[in-house]
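See below for start-v3.csv, which holds CSV, C-alpha atoms.
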```
chain,number,residue,atom,x,y,z
D,1,PRO,CA,-6.9,-17.9,9.4
D,2,ALA,CA,-5.3,-19.9,12.2
D,3,ASP,CA,-1.9,-19.7,10.5
D,4,LEU,CA,-2.1,-16.0,9.7
D,5,LEU,CA,0.8,-14.9,12.0
D,6,GLN,CA,3.0,-17.8,10.9
D,7,SER,CA,2.5,-16.9,7.3
D,8,LEU,CA,3.4,-13.2,8.0
D,9,ALA,CA,6.4,-14.2,10.1
D,10,GLY,CA,7.6,-17.1,7.9
D,11,PRO,CA,10.4,-17.1,5.3
D,12,GLY,CA,10.1,-14.0,3.1
D,13,GLY,CA,6.9,-12.9,5.0
D,14,GLY,CA,8.3,-9.5,5.7
D,15,GLN,CA,10.0,-9.2,2.3
D,16,ARG,CA,7.1,-9.7,-0.1
D,17,SER,CA,6.3,-6.1,-0.6
D,18,GLY,CA,9.9,-5.2,-1.3
D,19,SER,CA,10.6,-8.0,-3.7
D,20,ALA,CA,7.3,-7.4,-5.5
D,21,MET,CA,8.2,-3.7,-5.9
D,22,ALA,CA,11.6,-4.7,-7.2
D,23,LYS,CA,10.1,-6.9,-9.8
D,24,ARG,CA,7.9,-4.0,-11.0
D,25,GLY,CA,10.9,-1.8,-11.4
D,26,TYR,CA,10.9,0.1,-8.1
D,27,GLY,CA,14.2,1.1,-6.5
D,28,ALA,CA,15.1,2.8,-3.3
D,29,ARG,CA,13.7,6.1,-4.7
D,30,GLY,CA,10.8,4.6,-6.6
D,31,ARG,CA,9.7,3.4,-10.0
D,32,ALA,CA,12.0,4.0,-13.0
D,33,GLY,CA,10.6,6.7,-15.3
D,34,PRO,CA,10.0,6.5,-19.0
D,35,PRO,CA,13.1,6.2,-21.3
D,36,ARG,CA,14.6,9.6,-22.3
D,37,PRO,CA,17.6,10.7,-24.4
D,38,GLY,CA,20.6,11.3,-22.2
D,39,LEU,CA,23.8,9.8,-20.8
D,40,PRO,CA,23.9,7.2,-17.9
D,41,ARG,CA,25.1,9.5,-15.1
D,42,ARG,CA,23.8,11.3,-12.1
D,43,GLY,CA,21.5,8.5,-11.1
D,44,ALA,CA,20.2,7.8,-14.6
D,45,ARG,CA,20.6,4.2,-15.8
D,46,LEU,CA,21.1,3.0,-19.4
D,47,ASP,CA,18.0,1.5,-21.0
D,48,LEU,CA,19.6,-0.9,-23.5
D,49,ALA,CA,16.4,-1.9,-25.3
D,50,ALA,CA,15.2,1.6,-25.8
D,51,THR,CA,18.7,2.6,-27.0
D,52,LEU,CA,18.8,-0.2,-29.6
D,53,ILE,CA,15.3,0.7,-30.8
D,54,ALA,CA,16.4,4.3,-31.3
D,55,ALA,CA,19.5,3.2,-33.2
D,56,ALA,CA,17.9,0.5,-35.4
D,57,PRO,CA,16.2,2.8,-38.1
D,58,MET,CA,19.6,4.6,-38.7
D,59,GLN,CA,21.7,1.5,-39.6
D,60,ARG,CA,21.5,1.9,-43.4
D,61,LEU,CA,22.3,5.6,-43.2
D,62,ARG,CA,25.3,4.7,-41.1
D,63,GLY,CA,26.6,2.2,-43.6
D,64,ARG,CA,26.2,-0.9,-41.4
D,65,VAL,CA,26.3,-4.2,-43.3
D,66,ALA,CA,25.1,-7.6,-42.1
D,67,GLY,CA,27.3,-9.2,-39.5
D,68,GLU,CA,28.7,-5.9,-38.2
D,69,ARG,CA,28.0,-4.5,-34.8
D,70,ILE,CA,25.1,-2.1,-34.5
D,71,ALA,CA,26.3,1.4,-34.9
D,72,VAL,CA,25.2,3.4,-31.9
D,73,ARG,CA,25.6,7.2,-31.6
D,74,SER,CA,25.3,9.3,-28.5
D,75,ALA,CA,22.0,10.6,-29.8
D,76,ASP,CA,20.6,7.1,-29.6
D,77,ILE,CA,21.3,6.5,-25.9
D,78,ARG,CA,18.2,6.3,-23.8
D,79,VAL,CA,18.2,6.3,-20.0
D,80,ARG,CA,15.7,6.0,-17.2
D,81,ARG,CA,15.7,8.1,-14.0
D,82,PRO,CA,14.0,6.8,-10.8
D,83,GLN,CA,10.9,8.8,-9.9
D,84,PRO,CA,10.2,9.6,-6.2
D,85,ARG,CA,8.1,6.9,-4.6
D,86,GLN,CA,4.7,8.1,-3.5
D,87,LEU,CA,4.4,7.7,0.3
D,88,SER,CA,1.5,5.6,1.5
D,89,ALA,CA,-1.0,5.6,4.4
D,90,THR,CA,-2.1,2.3,5.8
D,91,ILE,CA,-5.4,2.5,7.6
D,92,PHE,CA,-6.1,-0.4,9.9
D,93,ALA,CA,-9.8,-0.9,10.7
D,94,VAL,CA,-10.0,-3.5,13.5
D,95,ASP,CA,-13.1,-5.3,14.6
D,96,ALA,CA,-13.0,-5.2,18.4
D,97,SER,CA,-16.5,-6.5,18.9
D,98,GLY,CA,-17.5,-9.5,21.0
D,99,SER,CA,-17.7,-11.7,18.0
D,100,SER,CA,-14.1,-11.1,17.2
D,101,ALA,CA,-12.6,-9.9,20.5
D,102,MET,CA,-12.4,-12.4,23.3
D,103,ALA,CA,-10.9,-15.4,21.7
D,104,ARG,CA,-9.2,-13.8,18.7
D,105,LEU,CA,-8.3,-10.2,19.5
D,106,ALA,CA,-4.8,-11.2,20.7
D,107,GLU,CA,-4.3,-12.9,17.3
D,108,VAL,CA,-5.5,-9.8,15.5
D,109,LYS,CA,-3.3,-7.6,17.5
D,110,GLY,CA,-0.3,-9.7,16.7
D,111,ALA,CA,-1.1,-9.6,13.0
D,112,VAL,CA,-1.6,-5.9,13.0
D,113,GLU,CA,1.7,-5.3,14.9
D,114,GLN,CA,3.6,-7.3,12.2
D,115,LEU,CA,1.8,-5.3,9.4
D,116,LEU,CA,2.6,-2.1,11.3
D,117,ALA,CA,6.3,-3.0,11.4
D,118,GLN,CA,6.3,-3.6,7.6
D,119,SER,CA,4.6,-0.2,7.0
D,120,TYR,CA,7.1,1.5,9.3
D,121,VAL,CA,10.0,0.0,7.3
D,122,ARG,CA,8.6,1.5,4.1
D,123,ARG,CA,8.1,4.9,5.9
D,124,ASP,CA,4.4,4.7,5.4
D,125,GLU,CA,2.0,6.5,7.8
D,126,VAL,CA,-0.3,4.2,9.7
D,127,ALA,CA,-3.7,4.9,11.3
D,128,LEU,CA,-5.8,2.7,13.6
D,129,ILE,CA,-9.6,2.6,13.8
D,130,ALA,CA,-11.5,0.3,16.1
D,131,PHE,CA,-15.2,-0.5,15.8
D,132,ARG,CA,-17.4,-2.1,18.5
D,133,GLY,CA,-20.6,-1.4,20.3
D,134,GLU,CA,-22.5,1.4,18.6
D,135,GLY,CA,-19.8,2.9,16.4
D,136,ALA,CA,-16.2,3.4,15.3
D,137,GLU,CA,-13.3,5.3,16.9
D,138,THR,CA,-10.1,6.6,15.5
D,139,LEU,CA,-7.6,5.5,18.1
D,140,LEU,CA,-4.6,6.7,16.1
D,141,PRO,CA,-4.6,9.4,13.4
D,142,PRO,CA,-2.0,8.9,10.6
D,143,THR,CA,1.4,8.7,12.1
D,144,ARG,CA,4.9,7.2,11.5
D,145,SER,CA,5.4,6.5,15.2
D,146,LEU,CA,5.5,2.7,15.5
D,147,ALA,CA,5.8,2.9,19.3
D,148,ARG,CA,2.6,5.0,19.6
D,149,ALA,CA,0.7,2.7,17.3
D,150,LYS,CA,1.7,-0.4,19.3
D,151,ARG,CA,0.7,1.4,22.6
D,152,GLU,CA,-2.7,2.2,21.2
D,153,LEU,CA,-3.1,-1.3,19.9
D,154,ALA,CA,-2.1,-2.9,23.3
D,155,SER,CA,-4.9,-0.9,25.1
D,156,LEU,CA,-7.5,-1.8,22.5
D,157,PRO,CA,-10.7,-2.9,24.4
D,158,GLY,CA,-12.9,-5.7,23.2
D,159,GLY,CA,-16.5,-6.7,23.4
D,160,GLY,CA,-20.0,-5.6,22.4
D,161,PRO,CA,-21.9,-5.8,19.1
D,162,THR,CA,-20.4,-5.3,15.6
D,163,PRO,CA,-21.1,-2.0,13.8
D,164,LEU,CA,-19.2,-3.2,10.7
D,165,ALA,CA,-20.7,-0.6,8.3
D,166,GLU,CA,-19.7,2.2,10.6
D,167,GLY,CA,-16.1,0.9,10.8
D,168,ILE,CA,-15.8,0.7,7.0
D,169,VAL,CA,-17.2,4.2,6.6
D,170,ALA,CA,-14.8,5.6,9.2
D,171,ALA,CA,-11.8,3.9,7.6
D,172,LEU,CA,-13.0,5.3,4.2
D,173,ARG,CA,-13.1,8.8,5.5
D,174,GLU,CA,-9.5,8.5,6.8
D,175,ALA,CA,-8.4,7.0,3.5
D,176,ILE,CA,-9.9,9.9,1.5
D,177,ARG,CA,-8.2,12.4,3.9
D,178,SER,CA,-4.9,10.7,3.3
D,179,ARG,CA,-5.3,10.8,-0.4
D,180,GLU,CA,-6.2,14.5,-0.3
D,181,ALA,CA,-2.9,15.0,1.6
D,182,GLY,CA,-1.0,13.4,-1.3
D,183,ARG,CA,-0.5,9.9,0.1
D,184,ALA,CA,-1.6,6.6,-1.5
D,185,PRO,CA,-4.1,5.0,0.9
D,186,LEU,CA,-4.3,1.3,1.7
D,187,LEU,CA,-7.3,0.1,3.8
D,188,LEU,CA,-6.9,-3.1,5.8
D,189,LEU,CA,-10.0,-4.4,7.4
D,190,LEU,CA,-9.7,-7.1,10.0
D,191,THR,CA,-13.1,-8.7,10.9
D,192,ASP,CA,-15.0,-11.9,10.9
D,193,GLY,CA,-17.8,-10.1,9.0
D,194,GLY,CA,-20.5,-10.8,11.7
D,195,ALA,CA,-22.2,-7.4,11.4
D,196,ASN,CA,-25.3,-6.9,13.7
D,197,VAL,CA,-25.6,-3.1,14.1
D,198,ALA,CA,-26.9,-1.0,11.2
D,199,ARG,CA,-25.6,2.6,10.7
D,200,ASP,CA,-28.7,4.1,12.3
D,201,GLY,CA,-28.0,2.1,15.4
D,202,THR,CA,-30.7,-0.5,15.0
D,203,ARG,CA,-29.9,-4.1,15.8
D,204,GLY,CA,-30.4,-7.0,13.4
D,205,ARG,CA,-28.1,-8.9,11.0
D,206,SER,CA,-30.1,-8.3,7.8
D,207,ALA,CA,-30.0,-4.5,7.9
D,208,ALA,CA,-26.4,-4.5,9.3
D,209,HIS,CA,-25.2,-6.7,6.5
D,210,GLU,CA,-27.0,-4.5,3.9
D,211,ASP,CA,-25.3,-1.4,5.4
D,212,ALA,CA,-21.9,-3.1,5.4
D,213,ALA,CA,-22.2,-4.1,1.7
D,214,ALA,CA,-23.3,-0.5,0.8
D,215,ALA,CA,-20.3,0.8,2.8
D,216,ALA,CA,-17.9,-1.6,0.9
D,217,ALA,CA,-19.4,-0.4,-2.4
D,218,LEU,CA,-18.5,3.2,-1.4
D,219,VAL,CA,-14.9,2.1,-0.8
D,220,ALA,CA,-14.8,0.4,-4.3
D,221,ALA,CA,-16.3,3.5,-5.9
D,222,ALA,CA,-13.6,5.7,-4.3
D,223,GLY,CA,-11.0,3.4,-5.8
D,224,ILE,CA,-9.4,2.6,-2.4
```
Since I need it in another form, could you write the structure as structure tokens?
Amino acid sequence: PADLLQSLAGPGGGQRSGSAMAKRGYGARGRAGPPRPGLPRRGARLDLAATLIAAAPMQRLRGRVAGERIAVRSADIRVRRPQPRQLSATIFAVDASGSSAMARLAEVKGAVEQLLAQSYVRRDEVALIAFRGEGAETLLPPTRSLARAKRELASLPGGGPTPLAEGIVAALREAIRSREAGRAPLLLLLTDGGANVARDGTRGRSAAHEDAAAAAALVAAAGI
């Protein structure tokens, strides 16, 4: 979209991931774990609802009558401890073909740079794959070096036909390798979808689009 960069750079654009994670219960060290018996110390936080639920069945035995405060014992107290956040790997697959390159590649580079910066803040690894001509090339294996990623992105060439299926498959391979290394992969595909090269190298939109759809189905099947 024409306003892609503005939406990313606008108010709260760089904070969406953090605020969304906070709403889901993530902290600096990750999502809070399940409630467990214990005291709120050494990083553990009181889970008030779970504590009251544990205390509720014992109220008659503790002699509580209507109108009195709920009787809570130390054995009722439930706490949550933050679990380590799983590190992520963000794989950028960028369409550098003629259909996307000449007029819009600068816009794509600007968008990727902003997304790269967000990934860097979260300490995620980033990888960069470009596809154009007859195939796809991994310009940047997974790294946390923002400077290196920007340098590779700045030198990204443009032009030629669009091997979309090959780009998707190359990104999928990188995502699977990252998952096997213990990271949560996120695949970002930037393209106008104008595939015209099939995976066997033949030209033609019909076969190229069929191959791209089949490659996308592989990504879905892998749960990426």
Pick from D:Arg173, D:Arg151, D:Arg41, D:His209, whichever lies nearest to D:Val79 using all atoms listed in the file: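 Ranking D:Arg173, D:Arg151, D:Arg41, D:His209 by distance to D:Val79, first place goes to D:Arg41.
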Straight-line distance linking atom CA of D:Leu153 with atom CA of D:Ala165, stated in Å to one decimal: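 Going from atom CA of D:Leu153 over to atom CA of D:Ala165 covers 21.1 Å.
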Residue with smallest distance to D:Pro185 - pool D:Ala127, D:Val65, D:Met58, D:Ile91, counting only C-alpha atoms: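 Ranking D:Ala127, D:Val65, D:Met58, D:Ile91 by distance to D:Pro185, first place goes to D:Ile91.
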Proximity to D:Gly110 - best of D:Ile77, D:Val94, D:Ala212, D:Ala71, all atoms listed in the file: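 The answer is D:Val94, which sits nearest to D:Gly110.
Once D:Arg42 and its same-chain neighbours fewer than 5 positions away are set aside, Val79, Arg80, Arg81 and Pro82 of chain D remain within 12 Å of it when counting only C-alpha atoms.
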Output file for the residues above (C-alpha atoms, as a short mmCIF file (atom, residue, chain, number, x, y, z; two decimals), in the coordinates of the input):
```cif
data_model
loop_
_atom_site.label_atom_id
_atom_site.label_comp_id
_atom_site.auth_asym_id
_atom_site.auth_seq_id
_atom_site.Cartn_x
_atom_site.Cartn_y
_atom_site.Cartn_z
CA VAL D 79 18.20 6.30 -20.00
CA ARG D 80 15.70 6.00 -17.20
CA ARG D 81 15.70 8.10 -14.00
CA PRO D 82 14.00 6.80 -10.80
#
```
Point-to-point distance from atom CA of D:Glu166 to atom CA of D:Phe131, Å rounded to tenths: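 So the answer is 7.4 Å.
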D:Pro157 environment, 9 Å, only C-alpha atoms, sequence neighbours closer than 4 positions dropped, as a ChimeraX atom specification: /D:96-97,101,130,132,153
Filtering to C-alpha atoms, could you give me those residues as a PDB file, in the frame of the given file?
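Output below, filename out.pdb:
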```pdb
ATOM      1  CA  ALA D  96     -13.000  -5.200  18.400  1.00  0.00           C
ATOM      2  CA  SER D  97     -16.500  -6.500  18.900  1.00  0.00           C
ATOM      3  CA  ALA D 101     -12.600  -9.900  20.500  1.00  0.00           C
ATOM      4  CA  ALA D 130     -11.500   0.300  16.100  1.00  0.00           C
ATOM      5  CA  ARG D 132     -17.400  -2.100  18.500  1.00  0.00           C
ATOM      6  CA  LEU D 153      -3.100  -1.300  19.900  1.00  0.00           C
TER       7      LEU D 153
END
```
Exercise: D:Ala44 partners within 12 Å, only C-alpha atoms, chain neighbours under 4 positions left out, as a list in words: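 In the requested format, the answer is Arg29, Ala32, Gly33, Pro34, Pro35, Arg36, Pro37, Gly38, Leu39, Pro40, Ile77, Arg78, Val79, Arg80, Arg81, Pro82 and Gln83 of chain D.
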Point-to-point distance in Å for atom CA of D:Leu61 and atom CA of D:Ala75: 14.3 Å
Please output stretch 172-191 of chain D, rebuilt to include N, CA, C and O atoms, as a tab-separated table (two decimals), in the frame of the given file.
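Okay, result_14.tsv is ready:
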```
chain	number	residue	atom	x	y	z
D	172	LEU	N	-12.91	4.62	5.47
D	172	LEU	CA	-13.00	5.30	4.20
D	172	LEU	C	-12.71	6.76	4.29
D	172	LEU	O	-11.96	7.35	3.50
D	173	ARG	N	-13.32	7.40	5.29
D	173	ARG	CA	-13.10	8.80	5.50
D	173	ARG	C	-11.60	9.11	5.72
D	173	ARG	O	-11.04	10.06	5.17
D	174	GLU	N	-10.97	8.28	6.54
D	174	GLU	CA	-9.50	8.50	6.80
D	174	GLU	C	-8.72	8.26	5.57
D	174	GLU	O	-7.74	8.97	5.32
D	175	ALA	N	-9.09	7.27	4.75
D	175	ALA	CA	-8.40	7.00	3.50
D	175	ALA	C	-8.47	8.18	2.55
D	175	ALA	O	-7.50	8.56	1.90
D	176	ILE	N	-9.66	8.75	2.44
D	176	ILE	CA	-9.90	9.90	1.50
D	176	ILE	C	-9.04	11.10	2.02
D	176	ILE	O	-8.43	11.82	1.22
D	177	ARG	N	-9.02	11.33	3.34
D	177	ARG	CA	-8.20	12.40	3.90
D	177	ARG	C	-6.74	12.23	3.55
D	177	ARG	O	-6.02	13.18	3.19
D	178	SER	N	-6.27	10.99	3.65
D	178	SER	CA	-4.90	10.70	3.30
D	178	SER	C	-4.58	10.96	1.87
D	178	SER	O	-3.52	11.49	1.51
D	179	ARG	N	-5.51	10.55	1.01
D	179	ARG	CA	-5.30	10.80	-0.40
D	179	ARG	C	-5.28	12.24	-0.76
D	179	ARG	O	-4.48	12.69	-1.59
D	180	GLU	N	-6.15	13.02	-0.11
D	180	GLU	CA	-6.20	14.50	-0.30
D	180	GLU	C	-4.87	15.11	0.13
D	180	GLU	O	-4.49	16.18	-0.35
D	181	ALA	N	-4.20	14.46	1.09
D	181	ALA	CA	-2.90	15.00	1.60
D	181	ALA	C	-1.74	14.51	0.73
D	181	ALA	O	-0.59	14.78	1.07
D	182	GLY	N	-2.02	13.79	-0.37
D	182	GLY	CA	-1.00	13.40	-1.30
D	182	GLY	C	-0.40	12.02	-1.07
D	182	GLY	O	0.61	11.66	-1.68
D	183	ARG	N	-1.03	11.22	-0.20
D	183	ARG	CA	-0.50	9.90	0.10
D	183	ARG	C	-1.44	8.84	-0.63
D	183	ARG	O	-2.60	9.10	-0.88
D	184	ALA	N	-0.85	7.67	-0.91
D	184	ALA	CA	-1.60	6.60	-1.50
D	184	ALA	C	-2.20	5.74	-0.38
D	184	ALA	O	-1.45	5.10	0.37
D	185	PRO	N	-3.53	5.73	-0.22
D	185	PRO	CA	-4.10	5.00	0.90
D	185	PRO	C	-4.31	3.53	0.66
D	185	PRO	O	-4.65	3.11	-0.44
D	186	LEU	N	-4.06	2.76	1.72
D	186	LEU	CA	-4.30	1.30	1.70
D	186	LEU	C	-5.19	1.03	2.93
D	186	LEU	O	-4.81	1.38	4.05
D	187	LEU	N	-6.34	0.42	2.72
D	187	LEU	CA	-7.30	0.10	3.80
D	187	LEU	C	-7.22	-1.36	4.12
D	187	LEU	O	-7.48	-2.18	3.24
D	188	LEU	N	-6.88	-1.70	5.37
D	188	LEU	CA	-6.90	-3.10	5.80
D	188	LEU	C	-7.96	-3.29	6.83
D	188	LEU	O	-7.95	-2.68	7.90
D	189	LEU	N	-8.90	-4.16	6.52
D	189	LEU	CA	-10.00	-4.40	7.40
D	189	LEU	C	-9.90	-5.81	7.99
D	189	LEU	O	-9.83	-6.80	7.27
D	190	LEU	N	-9.85	-5.87	9.33
D	190	LEU	CA	-9.70	-7.10	10.00
D	190	LEU	C	-11.01	-7.41	10.80
D	190	LEU	O	-11.30	-6.76	11.80
D	191	THR	N	-11.80	-8.36	10.32
D	191	THR	CA	-13.10	-8.70	10.90
D	191	THR	C	-13.54	-10.05	10.50
D	191	THR	O	-13.05	-10.60	9.51
```
